[in-house]
Structure formats: C-alpha cells, structure tokens
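Coordinates as given in start_24.csv (CSV, C-alpha atoms):
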```csv
chain,number,residue,atom,x,y,z
A,1,MET,CA,-33.0,-8.3,-31.1
A,2,ALA,CA,-31.2,-4.9,-31.1
A,3,GLU,CA,-34.0,-3.4,-28.9
A,4,SER,CA,-33.6,-6.1,-26.3
A,5,LEU,CA,-29.9,-5.5,-25.9
A,6,PRO,CA,-30.0,-2.4,-23.6
A,7,THR,CA,-32.7,-4.1,-21.4
A,8,HIS,CA,-30.5,-7.2,-21.1
A,9,ARG,CA,-27.5,-5.1,-20.1
A,10,ALA,CA,-29.5,-3.1,-17.6
A,11,ALA,CA,-30.7,-6.3,-16.0
A,12,ARG,CA,-27.1,-7.5,-15.7
A,13,ARG,CA,-26.0,-4.3,-13.9
A,14,LYS,CA,-25.4,-5.3,-10.3
A,15,ILE,CA,-25.4,-1.8,-8.7
A,16,PRO,CA,-27.9,0.8,-9.9
A,17,LYS,CA,-26.5,4.1,-11.0
A,18,PRO,CA,-28.6,6.1,-8.4
A,19,LEU,CA,-27.1,4.0,-5.6
A,20,VAL,CA,-23.6,4.5,-6.9
A,21,ARG,CA,-24.2,8.3,-7.0
A,22,LEU,CA,-25.5,8.2,-3.4
A,23,ILE,CA,-22.5,6.3,-2.2
A,24,ARG,CA,-20.2,8.8,-3.9
A,25,LEU,CA,-22.1,11.7,-2.3
A,26,VAL,CA,-21.9,10.1,1.2
A,27,LEU,CA,-18.1,9.5,0.8
A,28,ILE,CA,-17.6,13.1,-0.3
A,29,ALA,CA,-19.8,14.4,2.6
A,30,VAL,CA,-17.9,12.3,5.2
A,31,THR,CA,-14.5,13.4,3.7
A,32,ALA,CA,-15.5,17.0,3.7
A,33,TRP,CA,-16.8,16.8,7.3
A,34,LEU,CA,-13.5,15.3,8.4
A,35,LEU,CA,-11.4,17.9,6.6
A,36,LEU,CA,-13.5,20.7,8.0
A,37,ARG,CA,-13.1,19.3,11.5
A,38,LEU,CA,-9.3,19.0,10.9
A,39,LEU,CA,-8.8,22.5,9.4
A,40,ARG,CA,-11.0,24.4,11.9
A,41,GLY,CA,-8.9,26.2,14.4
A,42,VAL,CA,-5.6,25.4,12.7
A,43,ASP,CA,-3.1,28.2,12.9
A,44,TRP,CA,-1.4,28.0,9.5
A,45,GLY,CA,1.2,30.5,10.5
A,46,GLU,CA,2.4,28.1,13.2
A,47,VAL,CA,2.3,25.2,10.8
A,48,GLY,CA,4.6,27.1,8.3
A,49,TYR,CA,6.9,28.1,11.1
A,50,ALA,CA,7.2,24.4,12.3
A,51,LEU,CA,7.9,23.2,8.8
A,52,THR,CA,10.7,25.8,8.1
A,53,HIS,CA,12.4,25.5,11.5
A,54,LEU,CA,13.5,21.9,11.5
A,55,SER,CA,17.1,21.7,12.7
A,56,TRP,CA,19.8,20.0,10.6
A,57,TRP,CA,20.0,17.0,12.9
A,58,GLN,CA,16.2,16.5,12.7
A,59,ILE,CA,16.5,16.5,8.9
A,60,ALA,CA,19.4,14.0,9.1
A,61,VAL,CA,17.4,11.7,11.4
A,62,LEU,CA,14.4,11.8,9.0
A,63,LEU,CA,16.7,10.9,6.1
A,64,VAL,CA,18.1,7.9,8.0
A,65,ALA,CA,14.5,6.9,8.9
A,66,MET,CA,13.6,7.1,5.2
A,67,VAL,CA,16.4,4.8,4.2
A,68,ILE,CA,15.3,2.3,6.9
A,69,ARG,CA,11.7,2.6,5.7
A,70,ARG,CA,12.7,1.9,2.1
A,71,SER,CA,14.9,-1.0,3.1
A,72,VAL,CA,12.0,-2.6,4.9
A,73,LEU,CA,9.6,-1.9,2.0
A,74,ALA,CA,12.0,-3.6,-0.4
A,75,ALA,CA,12.6,-6.7,1.8
A,76,PRO,CA,9.8,-8.8,0.3
A,77,LEU,CA,11.1,-8.4,-3.2
A,78,ALA,CA,14.6,-9.3,-2.2
A,79,LEU,CA,13.3,-12.3,-0.3
A,80,LEU,CA,10.8,-13.6,-2.9
A,81,ILE,CA,12.7,-13.0,-6.2
A,82,ALA,CA,15.6,-15.4,-6.7
A,83,GLY,CA,18.8,-13.7,-7.8
A,84,LEU,CA,17.6,-10.2,-6.9
A,85,SER,CA,20.1,-8.3,-4.6
A,86,TYR,CA,18.8,-6.2,-1.7
A,87,LEU,CA,20.2,-3.0,-3.3
A,88,ARG,CA,18.4,-3.6,-6.6
A,89,ALA,CA,15.2,-4.5,-4.8
A,90,MET,CA,15.4,-1.0,-3.1
A,91,VAL,CA,16.1,0.6,-6.5
A,92,SER,CA,13.1,-1.1,-8.1
A,93,ASP,CA,10.9,-0.3,-5.2
A,94,VAL,CA,11.7,3.4,-5.0
A,95,ALA,CA,11.4,3.8,-8.8
A,96,ALA,CA,8.0,2.0,-8.9
A,97,ALA,CA,6.7,4.1,-5.9
A,98,ALA,CA,7.6,7.3,-7.8
A,99,VAL,CA,5.8,6.1,-10.9
A,100,ALA,CA,2.7,4.9,-8.9
A,101,THR,CA,2.5,8.4,-7.4
A,102,ILE,CA,2.3,10.3,-10.6
A,103,ALA,CA,0.9,7.7,-13.1
A,104,PRO,CA,-2.0,5.3,-13.0
A,105,SER,CA,-1.6,1.6,-12.3
A,106,PRO,CA,-0.3,-0.7,-13.7
A,107,GLY,CA,2.6,1.6,-14.8
A,108,ASP,CA,4.6,0.8,-11.7
A,109,VAL,CA,4.2,-3.0,-12.3
A,110,VAL,CA,5.4,-2.5,-15.9
A,111,LEU,CA,8.4,-0.6,-14.7
A,112,ARG,CA,9.2,-3.2,-12.1
A,113,LEU,CA,9.1,-6.0,-14.7
A,114,ALA,CA,11.2,-4.1,-17.1
A,115,MET,CA,13.9,-3.4,-14.5
A,116,LEU,CA,13.9,-7.0,-13.3
A,117,ARG,CA,14.2,-8.2,-16.9
A,118,SER,CA,17.1,-5.8,-17.6
A,119,TRP,CA,18.9,-7.3,-14.6
A,120,GLY,CA,18.6,-10.8,-16.0
A,121,ILE,CA,15.8,-12.0,-13.6
A,122,ASN,CA,13.8,-15.0,-14.9
A,123,ALA,CA,10.3,-13.9,-16.0
A,124,THR,CA,8.6,-16.5,-13.8
A,125,ASP,CA,10.7,-15.5,-10.8
A,126,ALA,CA,9.9,-11.8,-11.4
A,127,ALA,CA,6.1,-12.3,-11.9
A,128,SER,CA,5.8,-14.7,-9.0
A,129,GLY,CA,7.8,-12.5,-6.6
A,130,LEU,CA,5.9,-9.4,-7.5
A,131,THR,CA,2.5,-11.1,-7.1
A,132,LEU,CA,3.4,-12.6,-3.7
A,133,ALA,CA,5.0,-9.4,-2.4
A,134,THR,CA,2.0,-7.3,-3.5
A,135,THR,CA,-0.5,-9.7,-2.0
A,136,LEU,CA,1.3,-10.0,1.3
A,137,PHE,CA,1.6,-6.2,1.5
A,138,TYR,CA,-2.2,-5.8,1.1
A,139,VAL,CA,-2.8,-8.5,3.7
A,140,ALA,CA,-0.6,-6.6,6.2
A,141,ARG,CA,-2.1,-3.2,5.2
A,142,LEU,CA,-5.6,-4.5,5.9
A,143,ALA,CA,-4.6,-6.3,9.1
A,144,ALA,CA,-3.0,-3.2,10.6
A,145,PRO,CA,-6.2,-1.9,12.2
A,146,VAL,CA,-6.6,-5.2,14.1
A,147,PHE,CA,-3.2,-4.7,15.8
A,148,GLY,CA,-4.0,-1.0,16.4
A,149,PHE,CA,-7.3,-1.9,18.0
A,150,LEU,CA,-5.9,-4.7,20.2
A,151,ILE,CA,-2.9,-2.6,21.4
A,152,PHE,CA,-5.2,0.4,22.2
A,153,TRP,CA,-7.7,-1.8,24.0
A,154,ALA,CA,-5.0,-3.5,26.1
A,155,ALA,CA,-3.2,-0.2,26.9
A,156,ARG,CA,-6.1,2.2,27.4
A,157,ASP,CA,-9.7,1.3,26.7
A,158,PHE,CA,-12.2,-0.2,24.2
A,159,TYR,CA,-13.0,2.3,21.4
A,160,GLY,CA,-15.9,1.6,19.1
A,161,PRO,CA,-14.5,3.2,15.8
A,162,PHE,CA,-11.3,1.3,16.3
A,163,ALA,CA,-13.2,-2.0,16.8
A,164,TRP,CA,-15.3,-1.4,13.6
A,165,SER,CA,-12.2,-0.6,11.6
A,166,ALA,CA,-10.5,-3.8,12.9
A,167,LEU,CA,-13.5,-5.9,12.1
A,168,ILE,CA,-14.1,-4.6,8.5
A,169,PHE,CA,-10.5,-4.4,7.4
A,170,GLY,CA,-9.5,-7.5,9.3
A,171,ALA,CA,-12.1,-9.5,7.5
A,172,GLY,CA,-10.7,-8.3,4.2
A,173,SER,CA,-7.2,-9.3,5.2
A,174,ALA,CA,-8.4,-12.8,6.3
A,175,VAL,CA,-10.2,-13.3,3.0
A,176,LEU,CA,-7.2,-12.2,1.0
A,177,LEU,CA,-4.8,-14.4,3.0
A,178,GLY,CA,-7.1,-17.3,2.7
A,179,GLY,CA,-7.3,-16.9,-1.1
A,180,LEU,CA,-3.5,-16.7,-1.2
A,181,LEU,CA,-3.0,-19.9,0.8
A,182,TYR,CA,-5.6,-21.7,-1.3
A,183,ALA,CA,-3.9,-20.6,-4.5
A,184,LEU,CA,-0.5,-21.8,-3.3
A,185,ARG,CA,-1.9,-25.3,-2.8
A,186,ALA,CA,-4.3,-25.5,-5.7
A,187,GLU,CA,-2.2,-27.0,-8.5
A,188,ARG,CA,-5.3,-28.6,-10.1
A,189,THR,CA,-7.1,-25.3,-10.1
A,190,ALA,CA,-4.1,-23.6,-11.7
A,191,ALA,CA,-4.1,-26.3,-14.5
A,192,THR,CA,-7.9,-25.8,-15.1
A,193,ILE,CA,-7.6,-22.0,-15.3
A,194,GLY,CA,-4.6,-22.4,-17.6
A,195,ARG,CA,-6.6,-24.6,-20.0
A,196,LEU,CA,-9.6,-22.2,-19.9
A,197,LEU,CA,-7.3,-19.2,-20.7
A,198,GLY,CA,-5.6,-21.1,-23.5
A,199,ARG,CA,-9.0,-21.9,-25.1
A,200,LEU,CA,-10.1,-18.3,-24.7
A,201,PHE,CA,-7.0,-16.8,-26.2
A,202,GLN,CA,-7.1,-19.2,-29.1
A,203,ARG,CA,-10.6,-18.2,-29.9
A,204,VAL,CA,-9.6,-14.5,-30.0
A,205,ARG,CA,-6.3,-15.1,-31.7
A,206,PRO,CA,-5.9,-18.6,-33.3
A,207,SER,CA,-2.1,-18.3,-33.6
A,208,SER,CA,-1.6,-17.9,-29.8
A,209,ALA,CA,-0.4,-20.7,-27.5
A,210,GLY,CA,-2.9,-23.4,-26.9
A,211,PRO,CA,-4.5,-24.8,-23.7
A,212,ALA,CA,-1.6,-27.1,-23.0
A,213,ALA,CA,1.0,-24.3,-23.1
A,214,TRP,CA,-1.1,-22.1,-20.8
A,215,GLU,CA,-1.7,-25.0,-18.4
A,216,GLU,CA,2.1,-25.5,-18.2
A,217,ARG,CA,2.7,-21.8,-17.6
A,218,LEU,CA,0.2,-21.5,-14.8
A,219,VAL,CA,1.2,-24.7,-13.1
A,220,SER,CA,4.8,-23.6,-13.2
A,221,PHE,CA,3.9,-20.2,-11.8
A,222,GLN,CA,1.8,-21.8,-9.0
A,223,SER,CA,4.5,-24.3,-8.0
A,224,HIS,CA,7.2,-21.7,-8.1
A,225,SER,CA,5.2,-19.3,-5.9
A,226,ALA,CA,4.5,-22.1,-3.4
A,227,GLY,CA,8.2,-23.1,-3.3
A,228,ARG,CA,9.3,-19.5,-2.6
A,229,MET,CA,6.7,-19.0,0.1
A,230,ARG,CA,7.8,-22.3,1.8
A,231,GLN,CA,11.4,-21.0,1.8
A,232,ARG,CA,11.0,-17.3,2.5
A,233,GLY,CA,7.4,-16.9,3.5
A,234,SER,CA,8.0,-16.5,7.3
A,235,LEU,CA,10.7,-13.9,6.8
A,236,THR,CA,8.5,-12.0,4.4
A,237,VAL,CA,5.5,-11.9,6.8
A,238,LEU,CA,7.8,-10.7,9.5
A,239,SER,CA,9.1,-7.9,7.3
A,240,GLN,CA,5.6,-6.7,6.7
A,241,LEU,CA,4.8,-6.6,10.4
A,242,ILE,CA,8.0,-4.6,11.0
A,243,LEU,CA,7.0,-2.3,8.1
A,244,ILE,CA,3.7,-1.4,10.0
A,245,LEU,CA,5.7,-0.4,13.1
A,246,VAL,CA,8.3,1.5,11.1
A,247,GLU,CA,5.6,3.5,9.2
A,248,ALA,CA,3.9,4.4,12.5
A,249,GLY,CA,7.2,5.3,14.1
A,250,VAL,CA,8.2,7.7,11.3
A,251,LEU,CA,4.9,9.6,11.7
A,252,VAL,CA,5.5,9.8,15.5
A,253,LEU,CA,9.0,11.1,14.8
A,254,CYS,CA,7.6,13.8,12.5
A,255,VAL,CA,5.0,14.9,15.0
A,256,GLY,CA,7.6,15.1,17.7
A,257,PHE,CA,9.9,17.2,15.5
A,258,VAL,CA,7.3,19.9,15.2
A,259,GLY,CA,7.2,20.5,18.9
A,260,VAL,CA,4.7,18.0,20.4
A,261,GLN,CA,5.7,16.8,23.8
A,262,LEU,CA,5.6,13.0,23.6
A,263,ASP,CA,5.1,10.7,26.5
A,264,SER,CA,4.2,7.0,26.5
A,265,THR,CA,0.5,7.6,26.5
A,266,ALA,CA,0.7,9.9,23.5
A,267,VAL,CA,3.0,7.6,21.5
A,268,ILE,CA,0.7,4.6,22.0
A,269,LEU,CA,-2.3,6.7,20.9
A,270,MET,CA,-0.5,7.9,17.8
A,271,ILE,CA,0.8,4.5,16.8
A,272,CYS,CA,-2.6,2.8,17.3
A,273,SER,CA,-4.4,5.6,15.4
A,274,PHE,CA,-2.0,5.3,12.5
A,275,MET,CA,-2.5,1.5,12.4
A,276,VAL,CA,-6.2,1.9,12.4
A,277,VAL,CA,-6.2,4.3,9.4
A,278,TYR,CA,-3.3,2.6,7.6
A,279,PRO,CA,-5.5,0.9,5.0
A,280,LEU,CA,-6.3,4.5,3.7
A,281,THR,CA,-2.7,4.7,2.4
A,282,GLY,CA,-4.0,2.5,-0.4
A,283,LEU,CA,-6.0,5.5,-1.8
A,284,PRO,CA,-4.5,7.8,-4.4
A,285,LEU,CA,-1.6,9.9,-3.0
A,286,MET,CA,-1.6,7.7,0.1
A,287,GLY,CA,-5.0,9.0,1.1
A,288,ALA,CA,-4.0,12.6,1.2
A,289,GLY,CA,-6.7,14.5,3.1
A,290,VAL,CA,-8.8,11.6,4.1
A,291,LEU,CA,-6.1,9.8,6.1
A,292,ASP,CA,-4.9,13.0,7.6
A,293,ALA,CA,-8.3,14.1,8.7
A,294,THR,CA,-9.3,10.7,10.1
A,295,TYR,CA,-6.0,10.4,12.0
A,296,ALA,CA,-6.2,13.9,13.4
A,297,ALA,CA,-9.7,13.2,14.6
A,298,PHE,CA,-8.8,10.0,16.4
A,299,VAL,CA,-5.7,11.6,18.1
A,300,SER,CA,-7.4,14.8,19.1
A,301,ASP,CA,-10.4,13.0,20.6
A,302,HIS,CA,-8.2,11.1,23.0
A,303,SER,CA,-5.5,13.7,23.9
A,304,ALA,CA,-4.7,17.3,24.3
A,305,ILE,CA,-2.5,17.5,21.2
A,306,GLU,CA,-3.4,20.6,19.2
A,307,ALA,CA,-4.7,20.2,15.6
A,308,THR,CA,-2.0,22.7,14.5
A,309,ASP,CA,0.7,20.4,15.7
A,310,LEU,CA,-0.9,17.4,14.1
A,311,VAL,CA,-1.2,19.1,10.7
A,312,ALA,CA,2.4,20.3,10.8
A,313,GLY,CA,3.6,16.8,11.7
A,314,LEU,CA,1.5,15.2,9.0
A,315,LEU,CA,2.9,17.7,6.4
A,316,VAL,CA,6.5,16.8,7.5
A,317,TRP,CA,5.6,13.1,7.2
A,318,ARG,CA,4.2,13.5,3.7
A,319,VAL,CA,7.2,15.4,2.5
A,320,ALA,CA,9.4,12.6,4.0
A,321,VAL,CA,7.5,9.6,2.7
A,322,GLN,CA,6.0,11.0,-0.5
A,323,LEU,CA,7.8,14.0,-1.9
A,324,VAL,CA,11.4,12.9,-1.3
A,325,PRO,CA,10.9,9.3,-2.6
A,326,VAL,CA,9.2,10.6,-5.7
A,327,ILE,CA,12.2,12.9,-6.5
A,328,VAL,CA,14.7,10.1,-5.7
A,329,GLY,CA,12.6,7.5,-7.6
A,330,LEU,CA,12.3,9.6,-10.8
A,331,ALA,CA,16.1,10.2,-10.7
A,332,THR,CA,16.6,6.5,-10.3
A,333,VAL,CA,14.4,5.8,-13.4
A,334,LEU,CA,16.4,8.2,-15.5
A,335,VAL,CA,19.7,6.7,-14.4
A,336,TRP,CA,18.4,3.2,-15.0
A,337,ARG,CA,17.1,4.0,-18.5
A,338,ARG,CA,20.4,5.7,-19.5
A,339,LEU,CA,22.4,2.7,-18.3
A,340,THR,CA,20.0,0.3,-20.1
A,341,TRP,CA,20.2,2.2,-23.4
A,342,ASN,CA,24.0,2.3,-23.3
A,343,ARG,CA,24.3,-1.5,-23.2
```
This entry written out as structure tokens:
Amino acid sequence: MAESLPTHRAARRKIPKPLVRLIRLVLIAVTAWLLLRLLRGVDWGEVGYALTHLSWWQIAVLLVAMVIRRSVLAAPLALLIAGLSYLRAMVSDVAAAAVATIAPSPGDVVLRLAMLRSWGINATDAASGLTLATTLFYVARLAAPVFGFLIFWAARDFYGPFAWSALIFGAGSAVLLGGLLYALRAERTAATIGRLLGRLFQRVRPSSAGPAAWEERLVSFQSHSAGRMRQRGSLTVLSQLILILVEAGVLVLCVGFVGVQLDSTAVILMICSFMVVYPLTGLPLMGAGVLDATYAAFVSDHSAIEATDLVAGLLVWRVAVQLVPVIVGLATVLVWRRLTWNR
C-alpha cells in the first residue's frame, strides 16, 4: 500500500516536472532577451541626468497625478462597500498597496479587512466589496490589451503582437467576467457550496458551524454582492475603464518630462503599447523589468524615440507609482495602528 502511494501521486500530477522546467527556462530566456534588447545602447549617464533634473513644477504635476491615480484606484471600494467613505477607501488602498509590494499575498487582504473592521464596516460588506473590487480590477486589467489593439488598429495599422495579446488576455477577461456574472445569479450554487463547506469543516473540526450555517453565510454573501453590483456596478466598471486611461496617461507624462517630444502619433503609440502590456503589472513589483522591456520594444519598433529616453521615463514612472506610494502607505499603516491601539 505504501509503495503504491508515490506512483498514485505521480499519476495525478497534471504537468510533468521536465515540462515545468522547460517553461521556466523559456520565460527566463524571453525575459533576458527583452532586457538585453532594452539595455543595449542605453546611455545611463543621460538617464541619470534626466532623473535628477526634473523641475519643481514637473514634480508638482506628478504629485497631483498620483493623487488622481490613487483616487481612481480607490473608487471601486468606496462604491461597493456600504458605509465606507472615499477618504478611508483611499487610505485602505494605499496601505494595502504598500504591503502588497513588500510582503506576499494575502497580507494586503488581511490588512484591508482589519482596517475596515476597525472603522465599523460590516464583515459581509467588507468581504463582498473587496471580492467584487478585486475581480473587476482583474477583468479590466486583462481587457486592457483589447482596447489597446483596437485603438492602434483604428489609428495606425494592424499589428500582430498586439492582436495576439488582445486575443489571449481578452479571452481571460471574458472568462473571469462570465464567472462573476454567473456567481452573482447562482443562489442555488452558493447554497450547495455552503453545505459542502459546512460538511467538510465539520469533519475536520466537529465543533465548527454546520452545513446550515455555512449555507446561510454563502447565500447572504452572494445576495449581498448581487445587490451591490445592481446598485453600483455600472459606476464601478466605468471607474476601472478610467483607471486604464489614467495609468497610461501618467506614463506618457513621465516620458514627456524626461525630454521626449510628444505629438499625437507618439502619444497614441505609447498609450496603446501600455494598454497591451498592462496585464504584466500583475507580476511581482508590477512586472519590473519584463513590463519595461516589452513596452520599450513595442514603442521603439514603431517610432524614433530613443531607448535612453524610454528607460528614463519608465524609471520616473516607477518612482511615482511604486516608490512614493510605498512610503506613503507604510506611514499610513503606522498611523492607523497607533490610532487603533489608542482606542
């Protein structure tokens, strides 16, 4: 019996280890090729000069842009969680973003729930709002390449890599959206899953709540989520579409501030390229390296913009959207914990 166990486990393994290793090697090779293509010919002295010679008004504009970006990012939470003010939604969002940058998931979710609980938000409201906001964010993130491809095709030309990105990520977005819409209508499914979870937890821990209690919890969660989406779903989806444009606009702003001459053709190219690579922001550190190299390759292939300028603009962008929010977010967490402990 003991000898047959390893064989049974090996039979159940869906992906062979050699194939997993091969996929990893291919990903590393592609990433390395993109990075080498980006770094080749970059004048790092000029990059450093561009980063250290931003004028005071450019820094002020970037700070304003960061506030706008954070307000748009926080909009789904404020819309989907009853009783949560817009300011507290922004506080929760920037704090969770900082934790997600330096700590593995689900640390950011735990922090969000703790903050919402400390503000008196109902547990069902908090869990439902966070689930819906996160799901819709990923739907929009995966759908961004579709918009980028369509805009580029209409404004300039058909481009194969953009089309493949739109097809692959767009399909993922459609599947995720379809699953969400089904879950919001599937009260019977929620009840069935609740009963199954209740039985499972009772087997592991007999003193835990039974199938009836878990059925009630999941049905309440499902009906509450469906109600919030009926009330605020349209505004939430609109905020996610606005977010994509704001994110692309901030990057264009950063590239322009390092000395790139921007015209309508260049702006359309940069916005579309960013939309196409936007799903890569879901990688650790917002896809640092991979996103930058892919974006620079797309832009440089269709314009005369120098790689040096693109690298400088991307570095300014990462300071604005990653470094500054992490500092602000960690300070926010410290202030929140001090205020919570003093109660």
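Minimum atom-to-atom distance to Val175 in chain A, evaluated using all atoms listed in the file, belongs to A:Val139 out of A:Val139, A:Met275, A:Ala191, A:Val246.
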**OP:** Go through A:Leu150, A:Ala297, A:Leu116, A:Leu285 and flag the residue nearest Val99 in chain A, using only C-alpha atoms for the distances.
**Re:** A:Leu285
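Across the structure, CA of Leu111 in chain A and CA of Gly249 in chain A are spaced 29.4 Å apart.
Closest approach to Gly256 in chain A from the set A:Cys272, A:Val333, A:Leu176, A:Ile305 is made by A:Ile305, with distances taken over only C-alpha atoms.
For Phe149 in chain A, the list of residues within 10 Å, based on all atoms listed in the file and with local chain neighbours fewer than 4 positions off taken out, reads Ala144, Pro145, Trp153, Ala154, Ala155, Asp157, Phe158, Tyr159, Gly160, Pro161, Phe162, Ala163, Trp164, Ser165, Ala166, Leu167, Cys272, Ser273, Met275 and Val276 of chain A.
Distance check against Ser55 in chain A using all atoms listed in the file: of A:Ala293, A:Leu241, A:Val258, A:Val328, the minimum falls on A:Val258.
Proximity ranking of A:Ala320, A:Leu132, A:Ala183, A:Ala96 relative to Leu253 in chain A places A:Ala320 first, based on only C-alpha atoms.
If you look at CA of Gly178 in chain A and CA of Arg232 in chain A, they are 18.1 Å away from each other.
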**OP:** Write out as a PyMOL selection string the residues lying within 12 Å of Leu245 in chain A, counting only C-alpha atoms and excluding same-chain residues fewer than 6 positions away.
**Re:** chain A and resi 68-69+72-73+140-141+144+147-148+238-239+251-252+267-268+270-275+278
Subject >> Selection near Ser234 in chain A, 12 Å with only C-alpha atoms, sequence-local residues under 5 positions removed, as a PyMOL selection string >> reply: chain A and resi 76+79-80+136+228-229+239-241
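The two atoms in question, CA of Leu314 in chain A and CA of Cys254 in chain A, are spaced 7.2 Å apart.
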Original post:
Using only C-alpha atoms, which of A:Leu77, A:Ala60, A:Ala98, A:Val146 sits nearest Ala126 in chain A?
Top reply: A:Leu77
Original post:
If you count only C-alpha atoms, which residues fall within 8 Å of Leu54 in chain A, apart from same-chain ones fewer than 4 positions away, as a ChimeraX atom specification?
Top reply: /A:50,58-59,257-258
